[in-house]
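J.: What follows is the file structure19.txt, containing compact mmCIF, C-alpha atoms:
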# COMPACT_ATOMS: atom_id res chain seq x y z
CA MET A 1 151.89 71.85 84.99
CA VAL A 2 154.76 71.98 87.41
CA SER A 3 155.16 75.72 86.94
CA ASP A 4 151.61 76.14 88.26
CA ALA A 5 152.78 74.67 91.51
CA ILE A 6 155.97 76.72 91.85
CA VAL A 7 154.31 79.92 93.04
CA PRO A 8 152.18 78.29 95.78
CA LEU A 9 155.14 76.07 96.75
CA LEU A 10 157.50 79.01 97.22
CA LEU A 11 154.83 80.89 99.14
CA THR A 12 154.20 77.86 101.33
CA LEU A 13 157.91 77.47 102.11
CA LYS A 14 158.21 81.17 102.89
CA VAL A 15 155.15 81.19 105.15
CA ALA A 16 156.07 77.93 106.89
CA SER A 17 159.72 78.98 107.45
CA LEU A 18 158.85 82.34 108.94
CA ALA A 19 156.05 80.79 110.99
CA THR A 20 158.48 78.18 112.34
CA ILE A 21 161.03 80.84 113.29
CA LEU A 22 158.36 82.89 115.04
CA ALA A 23 156.92 79.82 116.75
CA SER A 24 160.40 78.69 117.83
CA LEU A 25 161.21 81.96 119.54
CA VAL A 26 157.89 82.03 121.37
CA GLY A 27 157.81 78.29 122.06
CA VAL A 28 161.37 78.10 123.42
CA ALA A 29 160.89 81.17 125.61
CA LEU A 30 157.62 79.88 127.04
CA GLY A 31 159.04 76.38 127.42
CA LYS A 32 161.88 77.82 129.51
CA LEU A 33 159.48 80.02 131.46
CA LEU A 34 157.23 77.09 132.36
CA GLY A 35 160.34 75.42 133.72
CA ARG A 36 161.02 71.95 134.96
CA LYS A 37 158.88 72.10 138.09
CA ARG A 38 155.53 70.45 137.52
CA THR A 39 152.98 72.43 139.48
CA LEU A 40 149.26 72.56 138.83
CA THR A 41 149.39 76.19 137.70
CA ARG A 42 152.18 75.50 135.23
CA ASP A 43 150.51 72.39 133.87
CA VAL A 44 147.25 74.30 133.40
CA ALA A 45 149.17 77.07 131.64
CA GLU A 46 150.78 74.52 129.35
CA SER A 47 147.38 73.00 128.56
CA LEU A 48 145.93 76.40 127.70
CA LEU A 49 148.92 77.20 125.50
CA THR A 50 148.45 73.87 123.72
CA LEU A 51 144.87 74.74 122.74
CA PRO A 52 145.82 76.07 119.26
CA LEU A 53 147.05 72.58 118.43
CA VAL A 54 143.89 70.75 119.46
CA LEU A 55 141.20 73.27 118.54
CA PRO A 56 139.64 72.89 115.09
CA PRO A 57 141.69 75.20 112.82
CA THR A 58 138.51 77.06 111.89
CA VAL A 59 137.92 77.89 115.53
CA LEU A 60 141.47 79.16 115.74
CA GLY A 61 140.89 81.17 112.55
CA TYR A 62 137.72 82.63 114.03
CA TYR A 63 139.56 83.82 117.15
CA LEU A 64 142.38 85.21 115.05
CA LEU A 65 139.88 87.21 113.01
CA VAL A 66 138.33 88.51 116.21
CA VAL A 67 141.73 89.60 117.54
CA LEU A 68 143.44 90.68 114.30
CA GLY A 69 140.43 92.15 112.45
CA ARG A 70 139.95 95.87 112.05
CA ASN A 71 137.83 96.00 115.17
CA GLY A 72 139.92 93.52 117.04
CA PHE A 73 142.12 94.22 120.02
CA ILE A 74 145.42 93.94 118.13
CA GLY A 75 144.09 94.54 114.60
CA GLY A 76 142.41 97.82 115.57
CA TRP A 77 145.57 98.99 117.30
CA MET A 78 147.74 98.14 114.29
CA MET A 79 145.30 99.91 111.97
CA ARG A 80 145.29 103.06 114.10
CA TRP A 81 149.02 103.32 114.61
CA PHE A 82 150.51 101.80 111.48
CA GLY A 83 147.62 101.76 109.03
CA VAL A 84 148.17 98.08 108.28
CA SER A 85 146.07 95.00 108.62
CA LEU A 86 147.15 91.36 108.59
CA ILE A 87 143.85 90.14 107.22
CA PHE A 88 144.14 88.79 103.63
CA THR A 89 147.94 89.12 103.60
CA TRP A 90 150.66 86.48 103.56
CA GLN A 91 151.92 87.93 106.84
CA GLY A 92 148.53 87.01 108.27
CA ALA A 93 149.09 83.48 107.00
CA VAL A 94 152.43 83.44 108.83
CA VAL A 95 150.75 84.43 112.08
CA ALA A 96 148.01 81.83 111.64
CA ALA A 97 150.50 79.06 110.89
CA ALA A 98 152.82 80.13 113.71
CA ILE A 99 150.05 80.04 116.29
CA ALA A 100 148.76 76.69 115.03
CA ALA A 101 152.27 75.21 115.20
CA PHE A 102 153.93 76.75 118.26
CA PRO A 103 152.47 74.35 120.85
CA LEU A 104 154.52 71.58 119.22
CA ILE A 105 157.70 73.54 119.91
CA LEU A 106 156.59 74.61 123.36
CA ARG A 107 155.99 71.04 124.48
CA ALA A 108 159.18 69.74 122.91
CA ALA A 109 161.19 72.59 124.46
CA ARG A 110 159.78 72.18 127.94
CA ALA A 111 160.38 68.44 127.88
CA SER A 112 163.93 68.86 126.52
CA PHE A 113 164.81 71.54 129.07
CA SER A 114 163.54 69.28 131.86
CA ASP A 115 165.77 66.47 130.60
CA VAL A 116 168.90 68.57 130.99
CA ASP A 117 170.76 67.48 134.14
CA VAL A 118 170.33 70.16 136.83
CA GLN A 119 173.81 69.32 138.06
CA LEU A 120 175.29 70.58 134.77
CA GLU A 121 173.48 73.90 135.15
CA ASN A 122 174.67 74.07 138.75
CA ALA A 123 178.23 73.34 137.68
CA ALA A 124 178.03 76.27 135.26
CA ARG A 125 176.68 78.55 138.01
CA SER A 126 179.47 77.58 140.35
CA LEU A 127 181.91 78.47 137.56
CA GLY A 128 180.58 82.00 137.57
CA ALA A 129 178.06 81.83 134.75
CA SER A 130 175.03 84.12 134.88
CA GLU A 131 171.58 82.64 134.30
CA SER A 132 171.58 83.77 130.66
CA GLU A 133 175.04 82.26 130.14
CA VAL A 134 173.84 79.01 131.71
CA PHE A 135 170.89 78.98 129.33
CA PHE A 136 172.78 79.73 126.12
CA ARG A 137 175.92 77.71 126.85
CA VAL A 138 174.58 74.68 128.72
CA THR A 139 170.81 74.28 128.71
CA LEU A 140 170.03 75.21 125.11
CA PRO A 141 172.90 73.27 123.48
CA LEU A 142 171.93 70.17 125.46
CA ALA A 143 168.24 70.53 124.62
CA TRP A 144 168.50 71.59 120.99
CA ARG A 145 168.01 68.15 119.53
CA GLY A 146 164.57 67.81 121.12
CA ILE A 147 163.68 71.39 120.22
CA LEU A 148 164.72 70.80 116.62
CA ALA A 149 162.51 67.72 116.45
CA GLY A 150 159.64 69.89 117.70
CA ALA A 151 160.48 72.63 115.19
CA LEU A 152 160.41 70.17 112.31
CA LEU A 153 156.97 68.94 113.36
CA ALA A 154 155.93 72.57 113.63
CA PHE A 155 157.24 73.25 110.13
CA ALA A 156 155.26 70.31 108.80
CA ARG A 157 152.17 71.53 110.63
CA ALA A 158 152.68 75.03 109.24
CA MET A 159 153.10 73.70 105.70
CA GLY A 160 149.86 71.80 105.91
CA GLU A 161 147.95 74.60 107.65
CA PHE A 162 144.61 75.12 105.92
CA GLY A 163 141.61 76.21 107.99
CA ALA A 164 142.99 79.09 110.01
CA THR A 165 144.99 80.38 107.03
CA LEU A 166 141.89 80.34 104.82
CA MET A 167 139.92 82.34 107.36
CA VAL A 168 142.62 84.88 108.15
CA ALA A 169 144.45 85.26 104.85
CA GLY A 170 141.99 83.91 102.35
CA SER A 171 143.06 82.03 99.24
CA LEU A 172 144.30 84.72 96.89
CA PRO A 173 146.34 83.12 94.08
CA GLY A 174 149.91 84.37 94.09
CA ARG A 175 149.43 86.25 97.35
CA THR A 176 148.07 84.04 100.09
CA GLN A 177 147.26 80.83 98.30
CA THR A 178 149.55 78.20 99.80
CA LEU A 179 149.98 74.72 98.39
CA SER A 180 147.27 73.11 100.50
CA LEU A 181 144.81 75.87 99.55
CA ALA A 182 145.79 75.65 95.88
CA ILE A 183 145.20 71.90 95.86
CA TYR A 184 141.76 72.41 97.33
CA GLU A 185 140.90 75.09 94.76
CA ALA A 186 142.16 72.92 91.89
CA VAL A 187 140.06 69.97 93.00
CA MET A 188 136.98 72.16 93.44
CA ALA A 189 137.55 73.58 89.95
CA GLY A 190 137.78 70.06 88.55
CA ASP A 191 141.39 70.57 87.47
CA ASP A 192 142.55 67.11 88.53
CA ALA A 193 145.84 67.19 86.62
CA ARG A 194 146.89 70.39 88.33
CA ALA A 195 145.86 69.05 91.72
CA ALA A 196 147.81 65.84 91.12
CA SER A 197 151.01 67.66 90.19
CA MET A 198 150.81 69.80 93.33
CA VAL A 199 150.11 66.75 95.46
CA ILE A 200 153.26 65.12 94.12
CA ILE A 201 155.27 68.26 94.82
CA SER A 202 153.93 68.31 98.38
CA LEU A 203 154.95 64.71 98.79
CA ILE A 204 158.48 65.29 97.47
CA THR A 205 158.92 68.33 99.72
CA ALA A 206 157.76 66.35 102.75
CA VAL A 207 160.11 63.45 102.06
CA ALA A 208 163.02 65.83 101.46
CA LEU A 209 162.30 67.50 104.79
CA LEU A 210 162.25 64.20 106.63
CA ILE A 211 165.64 63.29 105.14
CA VAL A 212 167.12 66.64 106.14
CA ALA A 213 165.65 66.21 109.62
CA ALA A 214 167.17 62.76 110.04
CA GLN A 215 170.57 64.11 108.93
CA LEU A 216 170.42 67.04 111.32
CA LEU A 217 169.37 64.89 114.24
CA GLN A 218 172.19 62.43 113.64
CA ARG A 219 175.03 64.91 113.56
CA ARG A 220 177.29 65.44 116.54
CA LYS A 221 176.23 63.06 119.24
CA HIS A 222 178.36 63.35 122.33
CA THR A 223 175.66 63.14 124.90
CA MET B 224 193.76 81.08 156.42
CA MET B 225 190.28 80.12 155.37
CA ARG B 226 187.67 79.77 158.02
CA ILE B 227 184.47 77.98 157.21
CA ALA B 228 181.56 78.36 159.59
CA VAL B 229 178.36 76.52 158.79
CA ASP B 230 175.26 76.62 160.96
CA ILE B 231 172.21 75.75 158.91
CA GLU B 232 168.87 73.99 159.02
CA LYS B 233 166.79 72.67 156.21
CA THR B 234 163.80 70.37 156.02
CA LEU B 235 163.17 68.39 152.87
CA ARG B 236 159.94 66.58 152.11
CA ASP B 237 159.50 63.81 149.63
CA GLY B 238 155.94 62.58 149.81
CA SER B 239 155.38 61.57 153.44
CA ARG B 240 159.08 61.30 154.27
CA GLU B 241 160.91 64.18 155.87
CA PHE B 242 164.60 64.80 156.23
CA HIS B 243 165.95 67.31 158.69
CA LEU B 244 169.34 68.76 158.07
CA ARG B 245 170.90 70.51 161.05
CA MET B 246 174.52 71.05 160.26
CA ARG B 247 176.83 72.98 162.50
CA PHE B 248 180.57 72.97 162.20
CA GLU B 249 183.53 75.27 161.93
CA SER B 250 186.91 74.65 160.46
CA ASP B 251 190.03 76.54 159.59
CA ALA B 252 191.92 73.46 158.45
CA ASP B 253 193.41 73.15 154.97
CA VAL B 254 191.33 70.06 154.46
CA THR B 255 187.98 69.47 156.07
CA VAL B 256 186.50 66.02 155.62
CA LEU B 257 182.76 65.54 155.91
CA TYR B 258 182.54 61.87 156.71
CA GLY B 259 179.38 59.77 156.90
CA GLU B 260 177.15 57.30 155.15
CA SER B 261 175.39 58.23 151.95
CA GLY B 262 172.09 59.92 152.66
CA ALA B 263 173.44 61.56 155.80
CA GLY B 264 173.15 65.05 154.32
CA LYS B 265 176.74 65.65 153.25
CA SER B 266 175.91 66.56 149.65
CA LEU B 267 173.10 68.84 150.78
CA THR B 268 175.55 70.65 153.03
CA MET B 269 177.97 71.02 150.16
CA GLN B 270 175.27 72.41 147.89
CA ALA B 271 174.27 74.86 150.60
CA ILE B 272 177.86 76.07 150.95
CA ALA B 273 178.09 76.48 147.17
CA GLY B 274 174.80 78.37 147.04
CA LEU B 275 172.94 75.78 144.99
CA ILE B 276 170.25 75.20 147.60
CA ARG B 277 168.89 77.63 150.14
CA PRO B 278 168.74 76.57 153.79
CA ASP B 279 165.60 77.42 155.79
CA LYS B 280 167.56 78.93 158.63
CA GLY B 281 171.05 79.77 159.68
CA ARG B 282 174.27 81.23 158.45
CA ILE B 283 177.27 80.34 156.33
CA VAL B 284 180.54 82.26 156.58
CA LEU B 285 183.50 81.72 154.27
CA SER B 286 186.61 83.53 155.46
CA GLU B 287 185.13 86.69 156.94
CA ARG B 288 182.47 86.83 154.27
CA VAL B 289 178.86 86.04 155.16
CA VAL B 290 177.54 84.26 152.07
CA PHE B 291 174.28 83.21 153.64
CA ASP B 292 172.29 84.53 156.55
CA ALA B 293 168.59 83.74 156.71
CA ALA B 294 167.84 86.33 159.39
CA LEU B 295 169.69 89.10 157.55
CA ARG B 296 168.33 87.90 154.19
CA ILE B 297 171.78 87.50 152.76
CA ASP B 298 172.07 84.86 150.05
CA VAL B 299 175.04 85.39 147.75
CA ARG B 300 174.44 83.74 144.38
CA ALA B 301 176.39 80.61 143.53
CA ARG B 302 178.26 82.43 140.80
CA HIS B 303 179.55 85.04 143.20
CA ARG B 304 180.61 82.69 145.98
CA HIS B 305 183.95 81.68 144.45
CA VAL B 306 183.47 78.12 145.55
CA GLY B 307 184.79 75.46 143.18
CA LEU B 308 182.89 72.20 142.91
CA VAL B 309 183.91 68.74 141.84
CA PHE B 310 180.70 66.75 141.63
CA GLN B 311 180.44 63.07 142.44
CA ASP B 312 179.73 62.20 138.81
CA TYR B 313 181.98 65.11 137.71
CA ALA B 314 179.16 66.87 135.80
CA LEU B 315 181.40 67.63 132.83
CA PHE B 316 179.60 69.42 130.01
CA PRO B 317 179.02 66.58 127.54
CA HIS B 318 178.68 68.89 124.54
CA LEU B 319 182.03 70.59 125.13
CA THR B 320 185.58 69.36 124.60
CA VAL B 321 188.04 68.98 127.45
CA ARG B 322 189.54 72.31 126.42
CA GLN B 323 186.16 74.06 126.44
CA ASN B 324 185.20 72.48 129.74
CA ILE B 325 188.33 73.76 131.40
CA ALA B 326 188.02 77.21 129.84
CA PHE B 327 184.34 77.52 130.78
CA ALA B 328 184.88 79.93 133.65
CA GLN B 329 187.33 82.13 131.73
CA ASN B 330 185.06 82.33 128.73
CA ARG B 331 182.31 84.92 129.21
CA GLY B 332 179.25 85.53 127.08
CA TRP B 333 176.62 83.42 125.39
CA LEU B 334 178.90 81.39 123.13
CA ASN B 335 181.09 78.39 123.83
CA ARG B 336 184.19 79.46 121.96
CA ARG B 337 186.55 76.97 120.37
CA THR B 338 189.74 78.85 121.09
CA VAL B 339 191.08 79.06 124.56
CA ASP B 340 193.03 81.61 126.55
CA LYS B 341 196.65 81.05 127.59
CA GLU B 342 195.81 80.44 131.19
CA SER B 343 193.46 77.58 130.43
CA SER B 344 196.08 76.05 128.13
CA ALA B 345 198.55 76.21 130.97
CA ALA B 346 196.02 74.61 133.30
CA MET B 347 195.60 71.78 130.82
CA ALA B 348 199.33 71.22 130.54
CA ASN B 349 199.62 71.31 134.29
CA MET B 350 197.08 68.52 134.60
CA GLN B 351 198.66 66.51 131.74
CA LEU B 352 195.51 66.89 129.74
CA ASP B 353 196.94 68.59 126.63
CA THR B 354 196.75 65.43 124.52
CA LEU B 355 193.06 65.13 125.37
CA ALA B 356 192.22 68.78 124.67
CA ASP B 357 189.89 68.01 121.76
CA ALA B 358 188.30 64.91 123.25
CA TYR B 359 184.77 64.92 124.60
CA PRO B 360 183.99 63.76 128.14
CA SER B 361 182.33 60.60 126.82
CA ASP B 362 185.71 59.52 125.39
CA LEU B 363 187.52 59.81 128.73
CA SER B 364 188.26 57.30 131.45
CA GLY B 365 187.03 57.87 135.00
CA GLY B 366 190.39 59.15 136.20
CA GLN B 367 190.71 61.53 133.27
CA ARG B 368 187.21 62.87 133.87
CA GLN B 369 188.08 63.58 137.46
CA ARG B 370 191.18 65.46 136.43
CA VAL B 371 189.18 67.55 133.96
CA ALA B 372 186.58 68.31 136.63
CA LEU B 373 189.31 69.41 139.01
CA ALA B 374 191.06 71.53 136.37
CA ARG B 375 187.75 73.13 135.42
CA ALA B 376 186.96 74.04 139.02
CA LEU B 377 190.47 75.40 139.68
CA ALA B 378 190.41 77.52 136.51
CA ALA B 379 187.73 79.71 138.09
CA HIS B 380 190.17 80.64 140.90
CA PRO B 381 187.97 79.49 143.75
CA GLN B 382 188.73 80.46 147.32
CA LEU B 383 187.42 77.12 148.47
CA LEU B 384 187.20 73.77 146.72
CA LEU B 385 184.42 71.31 147.46
CA LEU B 386 184.81 67.70 146.38
CA ASP B 387 181.83 65.37 146.58
CA GLU B 388 182.91 61.73 146.88
CA PRO B 389 185.77 62.36 144.47
CA PHE B 390 186.80 58.71 144.21
CA SER B 391 183.57 56.77 144.53
CA ALA B 392 183.23 56.32 140.77
CA LEU B 393 186.70 54.77 140.46
CA ASP B 394 188.10 51.30 141.10
CA SER B 395 190.36 50.86 144.11
CA ASP B 396 193.76 50.90 142.32
CA LEU B 397 192.95 54.14 140.59
CA ARG B 398 191.39 55.49 143.74
CA ASN B 399 194.64 55.19 145.68
CA ARG B 400 196.70 56.70 142.90
CA LEU B 401 194.35 59.63 142.33
CA ARG B 402 194.02 60.27 146.02
CA ASP B 403 197.78 60.77 146.26
CA GLU B 404 197.70 62.88 143.12
CA LEU B 405 194.92 65.05 144.50
CA ILE B 406 196.67 65.56 147.82
CA GLU B 407 199.80 66.60 145.94
CA ARG B 408 197.88 69.00 143.68
CA HIS B 409 196.07 70.41 146.64
CA ARG B 410 199.34 71.05 148.41
CA ARG B 411 200.62 72.92 145.37
CA ALA B 412 197.44 74.89 144.64
CA GLY B 413 197.15 75.96 148.26
CA ILE B 414 193.38 76.25 148.12
CA PRO B 415 191.53 75.01 151.17
CA MET B 416 189.12 72.21 150.46
CA VAL B 417 186.18 70.34 151.84
CA VAL B 418 186.00 66.67 150.90
CA ILE B 419 182.87 64.61 151.25
CA THR B 420 183.37 60.90 151.67
CA HIS B 421 181.92 57.71 153.09
CA ASP B 422 185.29 55.98 152.80
CA ALA B 423 187.41 55.62 155.94
CA ASP B 424 190.55 55.35 153.77
CA ASP B 425 189.93 58.89 152.48
CA VAL B 426 189.66 60.16 156.04
CA ALA B 427 192.98 58.58 156.92
CA ALA B 428 194.71 59.86 153.77
CA PHE B 429 193.51 63.45 153.86
CA GLY B 430 193.88 64.05 157.56
CA GLY B 431 192.85 67.57 158.43
CA LYS B 432 189.67 68.22 160.32
CA VAL B 433 187.09 65.45 160.28
CA VAL B 434 183.42 66.26 160.68
CA ARG B 435 181.31 63.13 161.20
CA VAL B 436 177.79 63.37 159.86
CA ARG B 437 174.86 61.10 160.67
CA ASP B 438 171.16 61.60 159.87
CA GLY B 439 171.62 65.21 158.91
CA GLN B 440 173.61 66.17 161.99
CA VAL B 441 177.17 66.43 163.13
CA VAL B 442 178.09 63.79 165.67
CA ALA B 443 180.87 64.37 168.13
Could I get this file's structure written as structure tokens?
T.:
Amino acid sequence: MVSDAIVPLLLTLKVASLATILASLVGVALGKLLGRKRTLTRDVAESLLTLPLVLPPTVLGYYLLVVLGRNGFIGGWMMRWFGVSLIFTWQGAVVAAAIAAFPLILRAARASFSDVDVQLENAARSLGASESEVFFRVTLPLAWRGILAGALLAFARAMGEFGATLMVAGSLPGRTQTLSLAIYEAVMAGDDARAASMVIISLITAVALLIVAAQLLQRRKHT
Amino acid sequence: MMRIAVDIEKTLRDGSREFHLRMRFESDADVTVLYGESGAGKSLTMQAIAGLIRPDKGRIVLSERVVFDAALRIDVRARHRHVGLVFQDYALFPHLTVRQNIAFAQNRGWLNRRTVDKESSAAMANMQLDTLADAYPSDLSGGQRQRVALARALAAHPQLLLLDEPFSALDSDLRNRLRDELIERHRRAGIPMVVITHDADDVAAFGGKVVRVRDGQVVA
């Protein structure tokens, strides 16, 4: 029973981890780019970038298919130049989960960066630090707690991702079938015992994550 | 001999309120005291000298070096101005130890290293901070924080030191002691400094050139 769940669980963890890393890089960079100044343009940009979080996942999946499909803007280009397609692959699932989850990191990052005292960044500048040194040695270390909280939410969102993943990557057992997809398939097939065991594994994983998160967020508090 | 020449204008808006800063002064004294009530524009002037805010108009010259000139579009970045700052609330990096704070300027790159160069160690000893090297700013007293802030600024080898209300966060006993200590350190370091204060006692203790500031302007 449990062994049935191992393959989708490992796949889910792999997809969600890579998606979170991808989303963190993009989310942190955009969060920094949007900056602490609240202007109308920047707030509109943030709203637009948050859309993947609030749109129905199927709508997101539809747009991803349009963009990543063989005739799509990016999909067609990748096919022509590299002969690869993300559709029906686990890499496609990573992209779907990353896009669904990155707004959580973006918002957390922008808010955390804004909370960093400007005076500390100015102190670093007056000590000869370049803008990139200020970012990596002052801003980011002081904002990481908030960003981490956002990344953990994003990881949870990526683990539970269903609609967009189904549309982009399908539900191929052993290849793109993540835990949430496998549970759905098991229930549809009337295999309640299998569904129940995977539900319990999901639950345990989620609780374990929350404990790890609490530990990480507690460590080293000097601020 | 350091000559400071400031002639700047800046208008700040906050909702419907406007504040006009029109600062003009020159000094070649070892200590220049900007004296006035809070809100008079002293801190803004200091930030302009350090390159942290950009005036609308005017010119700032440090020694013979033009660091800002609106008409000539010169605006040397803060990190290239060689101006050391001691902020009113010290602005110590809360995530770094005393040692790392002091070594910040010597340490280049994207990482905050744990080990520290010889020079920063010497600076720490000089300031009697060696026993606190591994402490974090949140563990320090007000006087200790000020000393760390001063050591950190001096470690960058500034040509000019700016101190914003260096004693306002301290009680009066400590204030008197640290004022004497600072004057002594300043004498030894030989770096010209600009001190911002609203305290007449500071003006008397530091001597030097006094620039009185009121409502964003220098008053005679």
J.: Nearest to Ile105 in chain A: which of A:Leu25, A:Leu68, A:Leu33, A:Leu60 is it, counting all atoms listed in the file?
T.: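 Result for the nearest residue to Ile105 in chain A: A:Leu25.
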J.: Please provide the set of residues having any atom within 9 Å of Val134 in chain A, restricted to only C-alpha atoms, with same-chain residues fewer than 4 positions apart removed, written as a VMD selection string.
T.: (chain A and resid 121 to 122 124 to 125 129 to 130 138 to 140) or (chain B and resid 333)
J.: Based on all atoms listed in the file, which of the residues in chain B come within 10 Å of chain A? I want them as a PyMOL selection string.
T.: chain B and resi 270+273-276+300-310+312-320+324+326-336+359-362+372+375-381
J.: Since we have the selection now, will you write its residues out, keeping C-alpha atoms, as a compact mmCIF listing (two decimals), in the coordinates of the input?
T.:
# COMPACT_ATOMS: atom_id res chain seq x y z
CA GLN B 270 175.27 72.41 147.89
CA ALA B 273 178.09 76.48 147.17
CA GLY B 274 174.80 78.37 147.04
CA LEU B 275 172.94 75.78 144.99
CA ILE B 276 170.25 75.20 147.60
CA ARG B 300 174.44 83.74 144.38
CA ALA B 301 176.39 80.61 143.53
CA ARG B 302 178.26 82.43 140.80
CA HIS B 303 179.55 85.04 143.20
CA ARG B 304 180.61 82.69 145.98
CA HIS B 305 183.95 81.68 144.45
CA VAL B 306 183.47 78.12 145.55
CA GLY B 307 184.79 75.46 143.18
CA LEU B 308 182.89 72.20 142.91
CA VAL B 309 183.91 68.74 141.84
CA PHE B 310 180.70 66.75 141.63
CA ASP B 312 179.73 62.20 138.81
CA TYR B 313 181.98 65.11 137.71
CA ALA B 314 179.16 66.87 135.80
CA LEU B 315 181.40 67.63 132.83
CA PHE B 316 179.60 69.42 130.01
CA PRO B 317 179.02 66.58 127.54
CA HIS B 318 178.68 68.89 124.54
CA LEU B 319 182.03 70.59 125.13
CA THR B 320 185.58 69.36 124.60
CA ASN B 324 185.20 72.48 129.74
CA ALA B 326 188.02 77.21 129.84
CA PHE B 327 184.34 77.52 130.78
CA ALA B 328 184.88 79.93 133.65
CA GLN B 329 187.33 82.13 131.73
CA ASN B 330 185.06 82.33 128.73
CA ARG B 331 182.31 84.92 129.21
CA GLY B 332 179.25 85.53 127.08
CA TRP B 333 176.62 83.42 125.39
CA LEU B 334 178.90 81.39 123.13
CA ASN B 335 181.09 78.39 123.83
CA ARG B 336 184.19 79.46 121.96
CA TYR B 359 184.77 64.92 124.60
CA PRO B 360 183.99 63.76 128.14
CA SER B 361 182.33 60.60 126.82
CA ASP B 362 185.71 59.52 125.39
CA ALA B 372 186.58 68.31 136.63
CA ARG B 375 187.75 73.13 135.42
CA ALA B 376 186.96 74.04 139.02
CA LEU B 377 190.47 75.40 139.68
CA ALA B 378 190.41 77.52 136.51
CA ALA B 379 187.73 79.71 138.09
CA HIS B 380 190.17 80.64 140.90
CA PRO B 381 187.97 79.49 143.75
J.: Counting only C-alpha atoms, which of A:Ala16, A:Leu181, A:Leu30, A:Leu9 gets nearest to Ala45 in chain A?
T.: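 When distances to Ala45 in chain A are compared using only C-alpha atoms, the smallest one comes from A:Leu30.
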J.: Which residues come within 12 Å of range 185-202 of chain A, counting all atoms listed in the file, excluding same-chain residues fewer than 6 positions away, as a PyMOL selection string?
T.: chain A and resi 1-10+12-13+156+159-160+162+166+170-173+177-179+208-209
J.: As an exercise, work out the distance from CA of Ser286 in chain B to CA of Ile227 in chain B in Å and give it to one decimal place.
T.: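 Computing it gives 6.2 Å between the two atoms.
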J.: Please identify all polymer residues within 9 Å of Met416 in chain B, counting only C-alpha atoms, omitting same-chain residues fewer than 4 positions from it, and present them as a ChimeraX atom specification.
T.: /B:252-256,382-386,409
J.: What does the distance from CA of Met350 in chain B to CA of Val116 in chain A come to in Å, to one decimal?
T.: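 These two atoms are separated by 28.4 Å.
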J.: Grab the CA of Glu161 in chain A to CA of Leu203 in chain A distance for me, in Å with one decimal place.
T.: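 Between CA of Glu161 in chain A and CA of Leu203 in chain A the gap works out to 15.0 Å.
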J.: Pick the closest to Ala98 in chain A from A:Ala206, A:Ala158, A:Leu40, A:Leu153: which is it, counting only C-alpha atoms?
T.: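 That would be A:Ala158, the residue with the smallest distance to Ala98 in chain A.
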J.: Produce the centre coordinates and the three edge lengths, each in Å to one decimal, of the box along x, y and z that contains all listed atoms of range 423-429 of chain B with 8 Å added on each side, as lines of an AutoDock Vina configuration file.
T.:
center_x = 191.1
center_y = 59.4
center_z = 154.7
size_x = 23.3
size_y = 24.1
size_z = 20.4
J.: Around the point (161.6, 71.6, 152.5) (coordinates from the file), which residues reach within 10 Å if we count all atoms listed in the file? Answer as a PyMOL selection string.
T.: chain B and resi 233-237+241-244+277-279
J.: Please rebuild range 248-257 of chain B with N, CA and C atoms and give the result as a short mmCIF file (atom, residue, chain, number, x, y, z; two decimals), in the frame of the given file.
T.:
data_model
loop_
_atom_site.label_atom_id
_atom_site.label_comp_id
_atom_site.auth_asym_id
_atom_site.auth_seq_id
_atom_site.Cartn_x
_atom_site.Cartn_y
_atom_site.Cartn_z
N PHE B 248 179.15 73.24 161.97
CA PHE B 248 180.57 72.97 162.20
C PHE B 248 181.39 74.17 161.78
N GLU B 249 182.58 74.22 162.31
CA GLU B 249 183.53 75.27 161.93
C GLU B 249 184.85 74.62 161.64
N SER B 250 185.61 75.21 160.74
CA SER B 250 186.91 74.65 160.46
C SER B 250 187.81 75.72 159.89
N ASP B 251 189.07 75.70 160.27
CA ASP B 251 190.03 76.54 159.59
C ASP B 251 191.19 75.68 159.09
N ALA B 252 190.90 74.39 158.94
CA ALA B 252 191.92 73.46 158.45
C ALA B 252 192.06 73.59 156.94
N ASP B 253 193.20 73.15 156.42
CA ASP B 253 193.41 73.15 154.97
C ASP B 253 192.47 72.17 154.29
N VAL B 254 192.26 71.05 154.98
CA VAL B 254 191.33 70.06 154.46
C VAL B 254 190.31 69.75 155.54
N THR B 255 189.05 69.86 155.16
CA THR B 255 187.98 69.47 156.07
C THR B 255 187.28 68.29 155.43
N VAL B 256 187.16 67.21 156.18
CA VAL B 256 186.50 66.02 155.62
C VAL B 256 185.14 65.85 156.26
N LEU B 257 184.10 65.86 155.42
CA LEU B 257 182.76 65.54 155.91
C LEU B 257 182.59 64.04 155.69
#
